[in-house]
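**Q** You'll find model.cif just under this line, and it carries mmCIF, C-alpha atoms.
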data_coords
#
loop_
_atom_site.group_PDB
_atom_site.id
_atom_site.type_symbol
_atom_site.label_atom_id
_atom_site.label_comp_id
_atom_site.auth_asym_id
_atom_site.auth_seq_id
_atom_site.Cartn_x
_atom_site.Cartn_y
_atom_site.Cartn_z
ATOM 1 C CA MET A 1287 91.970 -19.173 -17.177
ATOM 2 C CA GLY A 1288 88.718 -20.804 -18.269
ATOM 3 C CA ILE A 1289 85.623 -20.624 -16.059
ATOM 4 C CA LEU A 1290 84.456 -22.125 -12.763
ATOM 5 C CA ILE A 1291 87.479 -24.387 -12.076
ATOM 6 C CA ASN A 1292 91.265 -24.152 -12.080
ATOM 7 C CA LYS A 1293 94.231 -25.770 -10.337
ATOM 8 C CA ASN A 1294 93.442 -23.914 -7.092
ATOM 9 C CA THR A 1295 89.768 -24.951 -6.917
ATOM 10 C CA LYS A 1296 89.074 -26.835 -3.676
ATOM 11 C CA VAL A 1297 86.939 -29.894 -4.452
ATOM 12 C CA ILE A 1298 85.209 -32.474 -2.286
ATOM 13 C CA VAL A 1299 83.508 -35.758 -3.225
ATOM 14 C CA GLN A 1300 80.234 -36.713 -1.581
ATOM 15 C CA GLY A 1301 79.899 -40.484 -1.705
ATOM 16 C CA ILE A 1302 83.662 -40.943 -1.968
ATOM 17 C CA THR A 1303 83.802 -44.518 -0.664
ATOM 18 C CA GLY A 1304 81.363 -45.896 -3.243
ATOM 19 C CA ARG A 1305 82.582 -47.501 -6.462
ATOM 20 C CA GLU A 1306 81.951 -44.450 -8.643
ATOM 21 C CA GLY A 1307 83.130 -41.985 -6.039
ATOM 22 C CA SER A 1308 86.392 -43.849 -5.506
ATOM 23 C CA VAL A 1309 87.182 -44.348 -9.204
ATOM 24 C CA ARG A 1310 86.402 -40.737 -10.124
ATOM 25 C CA THR A 1311 88.389 -39.416 -7.159
ATOM 26 C CA LYS A 1312 91.426 -41.293 -8.443
ATOM 27 C CA TYR A 1313 90.991 -39.752 -11.912
ATOM 28 C CA MET A 1314 90.501 -36.220 -10.616
ATOM 29 C CA LYS A 1315 93.578 -36.440 -8.420
ATOM 30 C CA GLU A 1316 95.720 -37.889 -11.203
ATOM 31 C CA TYR A 1317 94.669 -35.035 -13.466
ATOM 32 C CA GLY A 1318 95.741 -32.478 -10.889
ATOM 33 C CA THR A 1319 92.463 -31.482 -9.257
ATOM 34 C CA LYS A 1320 92.789 -30.260 -5.672
ATOM 35 C CA VAL A 1321 90.568 -32.845 -3.959
ATOM 36 C CA ILE A 1322 90.678 -31.951 -0.259
ATOM 37 C CA GLY A 1323 88.203 -34.416 1.218
ATOM 38 C CA GLY A 1324 85.163 -36.600 0.795
ATOM 39 C CA THR A 1325 82.127 -37.723 2.750
ATOM 40 C CA SER A 1326 80.703 -41.101 3.651
ATOM 41 C CA PRO A 1327 78.667 -41.215 6.872
ATOM 42 C CA GLY A 1328 80.177 -43.597 9.416
ATOM 43 C CA LYS A 1329 83.521 -43.887 7.618
ATOM 44 C CA ALA A 1330 85.298 -40.808 8.928
ATOM 45 C CA GLY A 1331 89.040 -41.303 9.301
ATOM 46 C CA GLU A 1332 89.426 -43.551 6.282
ATOM 47 C CA LEU A 1333 91.433 -42.573 3.195
ATOM 48 C CA VAL A 1334 90.389 -42.968 -0.456
ATOM 49 C CA HIS A 1335 93.378 -42.512 -2.756
ATOM 50 C CA GLU A 1336 95.004 -40.483 0.028
ATOM 51 C CA VAL A 1337 91.933 -38.245 0.333
ATOM 52 C CA PRO A 1338 90.571 -38.041 3.903
ATOM 53 C CA VAL A 1339 86.994 -39.168 4.524
ATOM 54 C CA PHE A 1340 84.602 -37.253 6.788
ATOM 55 C CA ASN A 1341 81.080 -37.945 8.008
ATOM 56 C CA THR A 1342 79.626 -34.650 6.772
ATOM 57 C CA VAL A 1343 80.451 -31.714 4.524
ATOM 58 C CA LYS A 1344 80.400 -29.325 7.500
ATOM 59 C CA GLU A 1345 83.185 -31.359 9.112
ATOM 60 C CA ILE A 1346 85.330 -30.775 6.028
ATOM 61 C CA VAL A 1347 84.602 -27.035 6.147
ATOM 62 C CA ARG A 1348 85.602 -26.876 9.802
ATOM 63 C CA GLU A 1349 88.947 -28.524 9.057
ATOM 64 C CA GLN A 1350 89.729 -27.355 5.517
ATOM 65 C CA GLY A 1351 87.871 -24.057 5.201
ATOM 66 C CA GLU A 1352 85.612 -22.848 2.389
ATOM 67 C CA ILE A 1353 84.818 -25.339 -0.399
ATOM 68 C CA ASP A 1354 84.622 -24.268 -4.050
ATOM 69 C CA PHE A 1355 83.080 -27.398 -5.587
ATOM 70 C CA SER A 1356 81.350 -30.577 -4.485
ATOM 71 C CA VAL A 1357 80.902 -33.467 -6.895
ATOM 72 C CA ILE A 1358 78.263 -35.970 -5.824
ATOM 73 C CA PHE A 1359 78.085 -39.718 -6.491
ATOM 74 C CA VAL A 1360 75.020 -41.062 -4.675
ATOM 75 C CA PRO A 1361 71.782 -42.767 -5.841
ATOM 76 C CA GLY A 1362 69.251 -40.394 -7.394
ATOM 77 C CA LYS A 1363 66.637 -41.089 -4.735
ATOM 78 C CA ILE A 1364 68.851 -39.599 -1.993
ATOM 79 C CA LEU A 1365 70.491 -36.885 -4.078
ATOM 80 C CA LYS A 1366 68.362 -34.101 -2.619
ATOM 81 C CA THR A 1367 69.688 -34.812 0.872
ATOM 82 C CA ALA A 1368 73.286 -34.649 -0.371
ATOM 83 C CA VAL A 1369 72.699 -31.406 -2.276
ATOM 84 C CA TYR A 1370 71.008 -29.768 0.743
ATOM 85 C CA GLU A 1371 73.959 -30.823 2.906
ATOM 86 C CA ALA A 1372 76.427 -29.169 0.519
ATOM 87 C CA VAL A 1373 74.341 -26.003 0.220
ATOM 88 C CA ASP A 1374 73.957 -25.708 3.999
ATOM 89 C CA ALA A 1375 77.747 -26.004 4.351
ATOM 90 C CA GLY A 1376 78.219 -23.052 1.995
ATOM 91 C CA VAL A 1377 79.642 -24.931 -0.986
ATOM 92 C CA LYS A 1378 79.775 -22.501 -3.925
ATOM 93 C CA ASN A 1379 79.275 -24.988 -6.787
ATOM 94 C CA ILE A 1380 77.647 -28.414 -6.740
ATOM 95 C CA ILE A 1381 77.707 -30.932 -9.554
ATOM 96 C CA PRO A 1382 75.665 -34.134 -9.121
ATOM 97 C CA CYS A 1383 76.984 -36.809 -11.501
ATOM 98 C CA VAL A 1384 73.675 -38.583 -10.987
ATOM 99 C CA GLU A 1385 70.784 -39.534 -13.274
ATOM 100 C CA GLY A 1386 67.307 -40.776 -12.495
ATOM 101 C CA THR A 1387 66.480 -38.156 -9.887
ATOM 102 C CA PRO A 1388 62.736 -37.510 -9.341
ATOM 103 C CA ILE A 1389 61.786 -34.302 -11.156
ATOM 104 C CA HIS A 1390 60.139 -32.733 -8.106
ATOM 105 C CA ASP A 1391 63.357 -33.318 -6.153
ATOM 106 C CA ILE A 1392 65.365 -31.592 -8.889
ATOM 107 C CA MET A 1393 63.113 -28.540 -8.818
ATOM 108 C CA GLU A 1394 63.358 -28.331 -5.032
ATOM 109 C CA MET A 1395 67.167 -28.695 -5.133
ATOM 110 C CA ILE A 1396 67.540 -25.932 -7.709
ATOM 111 C CA ALA A 1397 65.277 -23.560 -5.768
ATOM 112 C CA TYR A 1398 67.092 -24.278 -2.501
ATOM 113 C CA ALA A 1399 70.566 -23.825 -4.014
ATOM 114 C CA ASN A 1400 69.516 -20.545 -5.661
ATOM 115 C CA SER A 1401 68.049 -19.237 -2.405
ATOM 116 C CA LYS A 1402 71.350 -19.873 -0.598
ATOM 117 C CA GLY A 1403 73.689 -18.567 -3.318
ATOM 118 C CA SER A 1404 75.037 -21.917 -4.527
ATOM 119 C CA ARG A 1405 75.300 -22.902 -8.188
ATOM 120 C CA LEU A 1406 73.981 -26.334 -9.190
ATOM 121 C CA LEU A 1407 75.382 -27.844 -12.410
ATOM 122 C CA GLY A 1408 73.181 -30.664 -13.667
ATOM 123 C CA PRO A 1409 71.869 -33.025 -12.372
ATOM 124 C CA GLY A 1410 72.889 -35.683 -14.873
ATOM 125 C CA SER A 1411 76.183 -33.995 -15.728
ATOM 126 C CA ILE A 1412 79.382 -35.985 -16.231
ATOM 127 C CA GLY A 1413 81.472 -32.995 -15.337
ATOM 128 C CA ILE A 1414 83.565 -29.998 -16.257
ATOM 129 C CA ILE A 1415 87.200 -29.670 -17.310
ATOM 130 C CA THR A 1416 89.629 -26.789 -17.707
ATOM 131 C CA PRO A 1417 92.518 -28.415 -19.616
ATOM 132 C CA GLY A 1418 95.831 -28.474 -17.812
ATOM 133 C CA GLU A 1419 94.161 -27.194 -14.634
ATOM 134 C CA ALA A 1420 91.447 -29.402 -13.151
ATOM 135 C CA VAL A 1421 88.547 -31.727 -13.836
ATOM 136 C CA VAL A 1422 85.474 -32.126 -11.630
ATOM 137 C CA GLY A 1423 83.397 -35.220 -12.350
ATOM 138 C CA TRP A 1424 84.493 -37.771 -14.940
ATOM 139 C CA LEU A 1425 84.481 -35.886 -18.234
ATOM 140 C CA GLY A 1426 87.427 -37.364 -20.126
ATOM 141 C CA GLY A 1427 87.327 -40.707 -18.303
ATOM 142 C CA ASN A 1428 91.013 -40.953 -17.411
ATOM 143 C CA LYS A 1429 94.127 -38.796 -17.504
ATOM 144 C CA GLU A 1430 95.423 -40.255 -20.777
ATOM 145 C CA TRP A 1431 92.165 -39.693 -22.667
ATOM 146 C CA ALA A 1432 91.618 -36.273 -21.098
ATOM 147 C CA ASN A 1433 95.039 -35.113 -22.276
ATOM 148 C CA ARG A 1434 94.340 -36.514 -25.727
ATOM 149 C CA PHE A 1435 90.907 -34.962 -26.242
ATOM 150 C CA PHE A 1436 91.124 -31.696 -24.298
ATOM 151 C CA GLN A 1437 93.887 -29.370 -25.431
ATOM 152 C CA LYS A 1438 94.255 -26.066 -23.606
ATOM 153 C CA GLY A 1439 93.122 -23.145 -25.747
ATOM 154 C CA SER A 1440 90.628 -20.374 -26.345
ATOM 155 C CA ILE A 1441 87.241 -21.957 -27.171
ATOM 156 C CA GLY A 1442 84.573 -22.596 -24.540
ATOM 157 C CA VAL A 1443 82.410 -25.673 -25.122
ATOM 158 C CA PHE A 1444 79.161 -26.894 -23.646
ATOM 159 C CA SER A 1445 76.542 -29.497 -24.544
ATOM 160 C CA ARG A 1446 73.708 -31.549 -23.102
ATOM 161 C CA SER A 1447 75.390 -34.613 -24.617
ATOM 162 C CA GLY A 1448 78.114 -36.229 -22.548
ATOM 163 C CA GLY A 1449 79.654 -37.977 -25.557
ATOM 164 C CA GLN A 1450 79.687 -34.875 -27.716
ATOM 165 C CA SER A 1451 81.261 -32.908 -24.868
ATOM 166 C CA GLY A 1452 84.355 -34.893 -25.806
ATOM 167 C CA THR A 1453 83.853 -35.015 -29.571
ATOM 168 C CA ILE A 1454 83.613 -31.251 -30.135
ATOM 169 C CA PRO A 1455 86.916 -30.522 -28.310
ATOM 170 C CA TRP A 1456 88.549 -33.235 -30.421
ATOM 171 C CA LEU A 1457 87.242 -31.669 -33.634
ATOM 172 C CA LEU A 1458 88.437 -28.276 -32.444
ATOM 173 C CA ARG A 1459 91.868 -29.719 -31.747
ATOM 174 C CA GLU A 1460 91.988 -31.251 -35.218
ATOM 175 C CA GLY A 1461 90.961 -27.855 -36.604
ATOM 176 C CA GLY A 1462 93.738 -25.975 -34.839
ATOM 177 C CA PHE A 1463 91.973 -24.873 -31.636
ATOM 178 C CA GLY A 1464 92.190 -25.764 -27.982
ATOM 179 C CA VAL A 1465 89.495 -25.293 -25.364
ATOM 180 C CA SER A 1466 89.287 -23.028 -22.321
ATOM 181 C CA THR A 1467 86.629 -24.932 -20.346
ATOM 182 C CA VAL A 1468 84.259 -27.734 -21.378
ATOM 183 C CA ILE A 1469 80.987 -28.277 -19.522
ATOM 184 C CA HIS A 1470 78.449 -31.060 -19.826
ATOM 185 C CA THR A 1471 75.333 -29.218 -18.671
ATOM 186 C CA GLY A 1472 73.399 -32.406 -17.817
ATOM 187 C CA THR A 1473 70.704 -34.638 -19.253
ATOM 188 C CA GLU A 1474 67.785 -34.119 -16.881
ATOM 189 C CA PRO A 1475 64.700 -32.199 -18.128
ATOM 190 C CA VAL A 1476 65.316 -29.387 -15.604
ATOM 191 C CA LEU A 1477 68.862 -28.137 -14.973
ATOM 192 C CA GLY A 1478 70.329 -25.928 -12.298
ATOM 193 C CA THR A 1479 72.575 -24.053 -14.730
ATOM 194 C CA SER A 1480 71.536 -23.503 -18.340
ATOM 195 C CA MET A 1481 73.694 -22.825 -21.375
ATOM 196 C CA ALA A 1482 72.499 -19.221 -21.275
ATOM 197 C CA ASP A 1483 73.725 -18.938 -17.674
ATOM 198 C CA LEU A 1484 77.215 -19.956 -18.798
ATOM 199 C CA LEU A 1485 77.612 -17.458 -21.632
ATOM 200 C CA PRO A 1486 78.271 -14.385 -19.435
ATOM 201 C CA LEU A 1487 80.981 -16.378 -17.623
ATOM 202 C CA PHE A 1488 82.731 -17.114 -20.916
ATOM 203 C CA GLU A 1489 82.254 -13.463 -21.911
ATOM 204 C CA ALA A 1490 84.127 -12.385 -18.787
ATOM 205 C CA ASP A 1491 86.995 -14.848 -19.325
ATOM 206 C CA PRO A 1492 89.815 -13.083 -21.205
ATOM 207 C CA GLU A 1493 91.248 -16.354 -22.523
ATOM 208 C CA THR A 1494 87.977 -17.472 -24.146
ATOM 209 C CA LYS A 1495 87.749 -16.111 -27.707
ATOM 210 C CA GLY A 1496 84.600 -17.963 -28.775
ATOM 211 C CA VAL A 1497 82.113 -20.687 -27.818
ATOM 212 C CA ALA A 1498 81.219 -23.897 -29.663
ATOM 213 C CA VAL A 1499 78.058 -25.878 -28.927
ATOM 214 C CA TYR A 1500 76.756 -29.299 -29.886
ATOM 215 C CA ALA A 1501 72.980 -28.915 -29.787
ATOM 216 C CA GLU A 1502 70.071 -31.281 -30.318
ATOM 217 C CA ILE A 1503 66.466 -30.805 -31.307
ATOM 218 C CA GLY A 1504 64.167 -30.348 -28.341
ATOM 219 C CA GLY A 1505 64.524 -28.022 -25.396
ATOM 220 C CA THR A 1506 64.955 -24.267 -25.598
ATOM 221 C CA GLN A 1507 68.444 -23.730 -24.185
ATOM 222 C CA GLU A 1508 70.009 -22.685 -27.480
ATOM 223 C CA GLU A 1509 67.200 -20.199 -28.097
ATOM 224 C CA GLU A 1510 67.835 -18.791 -24.641
ATOM 225 C CA CYS A 1511 71.497 -18.397 -25.645
ATOM 226 C CA ALA A 1512 70.301 -16.412 -28.663
ATOM 227 C CA GLU A 1513 68.441 -14.078 -26.286
ATOM 228 C CA VAL A 1514 71.657 -13.522 -24.284
ATOM 229 C CA ILE A 1515 73.576 -12.743 -27.483
ATOM 230 C CA ALA A 1516 70.860 -10.406 -28.768
ATOM 231 C CA ALA A 1517 70.924 -8.550 -25.432
ATOM 232 C CA GLY A 1518 74.652 -7.915 -25.837
ATOM 233 C CA GLN A 1519 75.626 -10.045 -22.844
ATOM 234 C CA PHE A 1520 77.796 -12.282 -25.020
ATOM 235 C CA THR A 1521 79.753 -10.658 -27.856
ATOM 236 C CA LYS A 1522 82.252 -13.322 -28.895
ATOM 237 C CA PRO A 1523 81.744 -15.722 -31.849
ATOM 238 C CA PHE A 1524 79.111 -18.339 -30.980
ATOM 239 C CA VAL A 1525 78.967 -21.397 -33.249
ATOM 240 C CA VAL A 1526 76.409 -24.166 -32.902
ATOM 241 C CA TYR A 1527 75.799 -27.456 -34.678
ATOM 242 C CA VAL A 1528 72.224 -28.735 -34.314
ATOM 243 C CA ALA A 1529 72.004 -32.522 -34.475
ATOM 244 C CA GLY A 1530 68.788 -33.996 -35.845
ATOM 245 C CA ALA A 1531 67.999 -31.150 -38.229
ATOM 246 C CA TRP A 1532 67.152 -33.820 -40.794
ATOM 247 C CA ALA A 1533 64.478 -35.429 -38.591
ATOM 248 C CA PRO A 1534 60.874 -35.057 -39.806
ATOM 249 C CA ALA A 1535 58.337 -33.323 -37.562
ATOM 250 C CA GLY A 1536 57.160 -35.535 -34.713
ATOM 251 C CA MET A 1537 60.154 -37.875 -34.787
ATOM 252 C CA ARG A 1538 61.775 -38.615 -31.428
ATOM 253 C CA PHE A 1539 65.495 -37.891 -31.382
ATOM 254 C CA SER A 1540 68.284 -37.233 -28.854
ATOM 255 C CA HIS A 1541 67.797 -37.185 -25.088
ATOM 256 C CA ALA A 1542 64.370 -38.125 -23.818
ATOM 257 C CA SER A 1543 64.238 -34.933 -21.786
ATOM 258 C CA ASN A 1544 64.526 -32.773 -24.897
ATOM 259 C CA ILE A 1545 61.013 -31.744 -25.908
ATOM 260 C CA VAL A 1546 59.790 -29.405 -28.644
ATOM 261 C CA GLU A 1547 57.541 -26.895 -26.903
ATOM 262 C CA ARG A 1548 55.028 -24.616 -28.665
ATOM 263 C CA GLY A 1549 57.159 -24.006 -31.725
ATOM 264 C CA ARG A 1550 60.401 -23.656 -29.770
ATOM 265 C CA GLY A 1551 63.024 -26.389 -29.623
ATOM 266 C CA SER A 1552 62.907 -27.488 -33.257
ATOM 267 C CA ALA A 1553 66.083 -27.438 -35.331
ATOM 268 C CA LYS A 1554 64.620 -24.676 -37.482
ATOM 269 C CA SER A 1555 63.666 -22.447 -34.563
ATOM 270 C CA LYS A 1556 67.069 -22.914 -32.902
ATOM 271 C CA MET A 1557 69.025 -22.109 -36.044
ATOM 272 C CA GLU A 1558 66.858 -19.142 -36.925
ATOM 273 C CA ALA A 1559 67.113 -17.671 -33.426
ATOM 274 C CA ILE A 1560 70.886 -18.053 -33.259
ATOM 275 C CA THR A 1561 71.452 -16.636 -36.727
ATOM 276 C CA LYS A 1562 69.133 -13.693 -36.081
ATOM 277 C CA ALA A 1563 70.976 -12.897 -32.845
ATOM 278 C CA GLY A 1564 74.354 -12.855 -34.606
ATOM 279 C CA GLY A 1565 75.566 -16.374 -33.903
ATOM 280 C CA PHE A 1566 76.644 -18.913 -36.501
ATOM 281 C CA VAL A 1567 75.265 -22.321 -37.471
ATOM 282 C CA ALA A 1568 77.529 -25.132 -38.671
ATOM 283 C CA GLU A 1569 76.110 -27.572 -41.223
ATOM 284 C CA THR A 1570 78.376 -30.339 -39.885
ATOM 285 C CA PRO A 1571 80.436 -30.594 -36.674
ATOM 286 C CA THR A 1572 83.657 -30.376 -38.704
ATOM 287 C CA ASP A 1573 82.557 -26.938 -39.913
ATOM 288 C CA ILE A 1574 82.786 -25.525 -36.381
ATOM 289 C CA PRO A 1575 86.560 -24.817 -36.380
ATOM 290 C CA ILE A 1576 86.350 -23.512 -39.944
ATOM 291 C CA ILE A 1577 83.734 -20.928 -38.950
ATOM 292 C CA LEU A 1578 85.681 -19.979 -35.816
ATOM 293 C CA LYS A 1579 88.830 -19.341 -37.858
ATOM 294 C CA GLU A 1580 86.867 -16.961 -40.050
ATOM 295 C CA LYS A 1581 85.165 -15.118 -37.186
ATOM 296 C CA ILE A 1582 87.789 -14.828 -34.456
ATOM 297 C CA LYS A 1583 89.899 -11.714 -34.841
ATOM 298 C CA GLU A 1584 93.278 -12.145 -33.217
#
So, in terms of structure tokens, how does the structure I just supplied come out?
**A**
Amino acid sequence: MGILINKNTKVIVQGITGREGSVRTKYMKEYGTKVIGGTSPGKAGELVHEVPVFNTVKEIVREQGEIDFSVIFVPGKILKTAVYEAVDAGVKNIIPCVEGTPIHDIMEMIAYANSKGSRLLGPGSIGIITPGEAVVGWLGGNKEWANRFFQKGSIGVFSRSGGQSGTIPWLLREGGFGVSTVIHTGTEPVLGTSMADLLPLFEADPETKGVAVYAEIGGTQEEECAEVIAAGQFTKPFVVYVAGAWAPAGMRFSHASNIVERGRGSAKSKMEAITKAGGFVAETPTDIPIILKEKIKE
């Protein structure tokens, strides 16, 4: 099953006629995603890879019914307008594949989406994939690479790193595991959906037997995951590799938005919190499948 997306998920693309929107629409359709429409003001009636173009999201809703997911490809400076449009149309999940959005806009978008019952993934996410079902965004790049790197299986994966969102599934595949759903949570300093928000979803998915995470120093998301585990809201094996554990104090490493805050966010604090909560820390990424084999009880 996986979480959030499957072959029946109804997806739209805001900014579908732009270069990125068009290329990513082609990939999503080739993979099997149910792309039902896209928006580009003033270009209604056109087709992009056989996907109909509308002026607004509400026009798509009127013709196609409720929308499960919108993926957005517009410049960061106008992202807020696109997100508000999707929220006002009742879109359940919104994933802006956009970086460079003003921080105050991000905070306003998140608050607005939350107030209306929509989930915002990102901004700055490259997407989400449930192997053999659907991809929203451009995680995987193309159908050939997606099929090579993402094998259907029982391990949920998430990371702030777009590149490592592909590497960890590959290592799992080499270690004898497939993945249920892989999510790139996004690179911006403030995110609409945190890693901790995703854990209860993986807990509820009967096909997910464990979760693997590529973490980095800075930020507190992994420590928040530890709080979810300690509270009993996630009971499956949770394995994390923390990149940059070797870095001396004060050294900049990983995404610029990752900041060590008041003793939280360091490699040491992340690993200690996860271990104390009952999770597991891998010394190297290749140790992740080894630990999972030991901890997952079939």
**Q** Do you know which residues are at most 7 Å from His1470 in chain A counting all atoms listed in the file, after dropping those on the same chain fewer than 2 positions away, and could you put them as a PyMOL selection string?
**A** chain A and resi 1411-1414+1444-1448+1451+1468+1472
**Q** Which residues are close to Asn1294 in chain A, i.e. within 9 Å by all atoms listed in the file, leaving aside same-chain residues fewer than 4 positions away? Reply as a PyMOL selection string.
**A** chain A and resi 1319-1320+1419-1420
**Q** Need the shell around range 1343-1354 of chain A: protein/DNA/RNA residues with any atom at most 7 Å away, counting only C-alpha atoms. Skip same-chain ones fewer than 3 positions apart. Format as a ChimeraX atom specification?
**A** /A:1295-1297,1323,1325,1340,1371-1372,1375,1377-1379
**Q** Give me the residues near range 1299-1315 of chain A as a ChimeraX atom specification, where near means some atom within 10 Å (using only C-alpha atoms) and where sequence neighbours in that chain fewer than 4 positions away do not count.
**A** /A:1319-1327,1329,1332-1343,1355-1361,1368-1369,1371-1372,1381-1383,1415,1420-1430,1432
**Q** My list of candidates is A:Gly1376, A:Gly1478, A:Pro1455, A:Gly1464. Which is closest to Gly1410 in chain A when distances are computed with all atoms listed in the file?
**A**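 The closest residue to Gly1410 in chain A is A:Gly1478.
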**Q** Neighbours of Gly1442 in chain A within 8 Å (all atoms listed in the file; same-chain residues fewer than 3 positions away dropped), as a list of chain:residue names?
**A** A:Gly1288, A:Val1465, A:Ser1466, A:Thr1467, A:Val1468, A:Phe1488, A:Thr1494, A:Lys1495, A:Gly1496, A:Val1497, A:Ala1498
**Q** Between A:Val1499, A:Ala1512, A:Met1287, A:Ile1396, single out the one closest to Thr1570 in chain A, counting only C-alpha atoms.
**A** A:Val1499
**Q** Taking all atoms listed in the file into account, which of A:Glu1385, A:Glu1580, A:Glu1316, A:Asp1374 comes nearest Glu1474 in chain A?
**A**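 Among A:Glu1385, A:Glu1580, A:Glu1316, A:Asp1374, it is A:Glu1385 that comes nearest to Glu1474 in chain A.
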**Q** Suppose you want the space between CA of Gly1452 in chain A and CA of Thr1521 in chain A; what is it in Å?
**A**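 The value is 24.8 Å.
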**Q** As an exercise, work out the distance from CA of Glu1394 in chain A to CA of Asn1292 in chain A in Å and give it to one decimal place.
**A**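 That distance, rounded to one decimal, is 29.1 Å.
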**Q** Which is closest to Ala1399 in chain A among A:Ile1441, A:Leu1477, A:Ala1330, A:Ile1364, if we use all atoms listed in the file?
**A**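 The closest residue to Ala1399 in chain A is A:Leu1477.
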**Q** Rounded to one decimal place, report the CA of Ser1552 in chain A-CA of Val1443 in chain A distance in Å.
**A**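 Here the two named atoms are 21.2 Å from each other.
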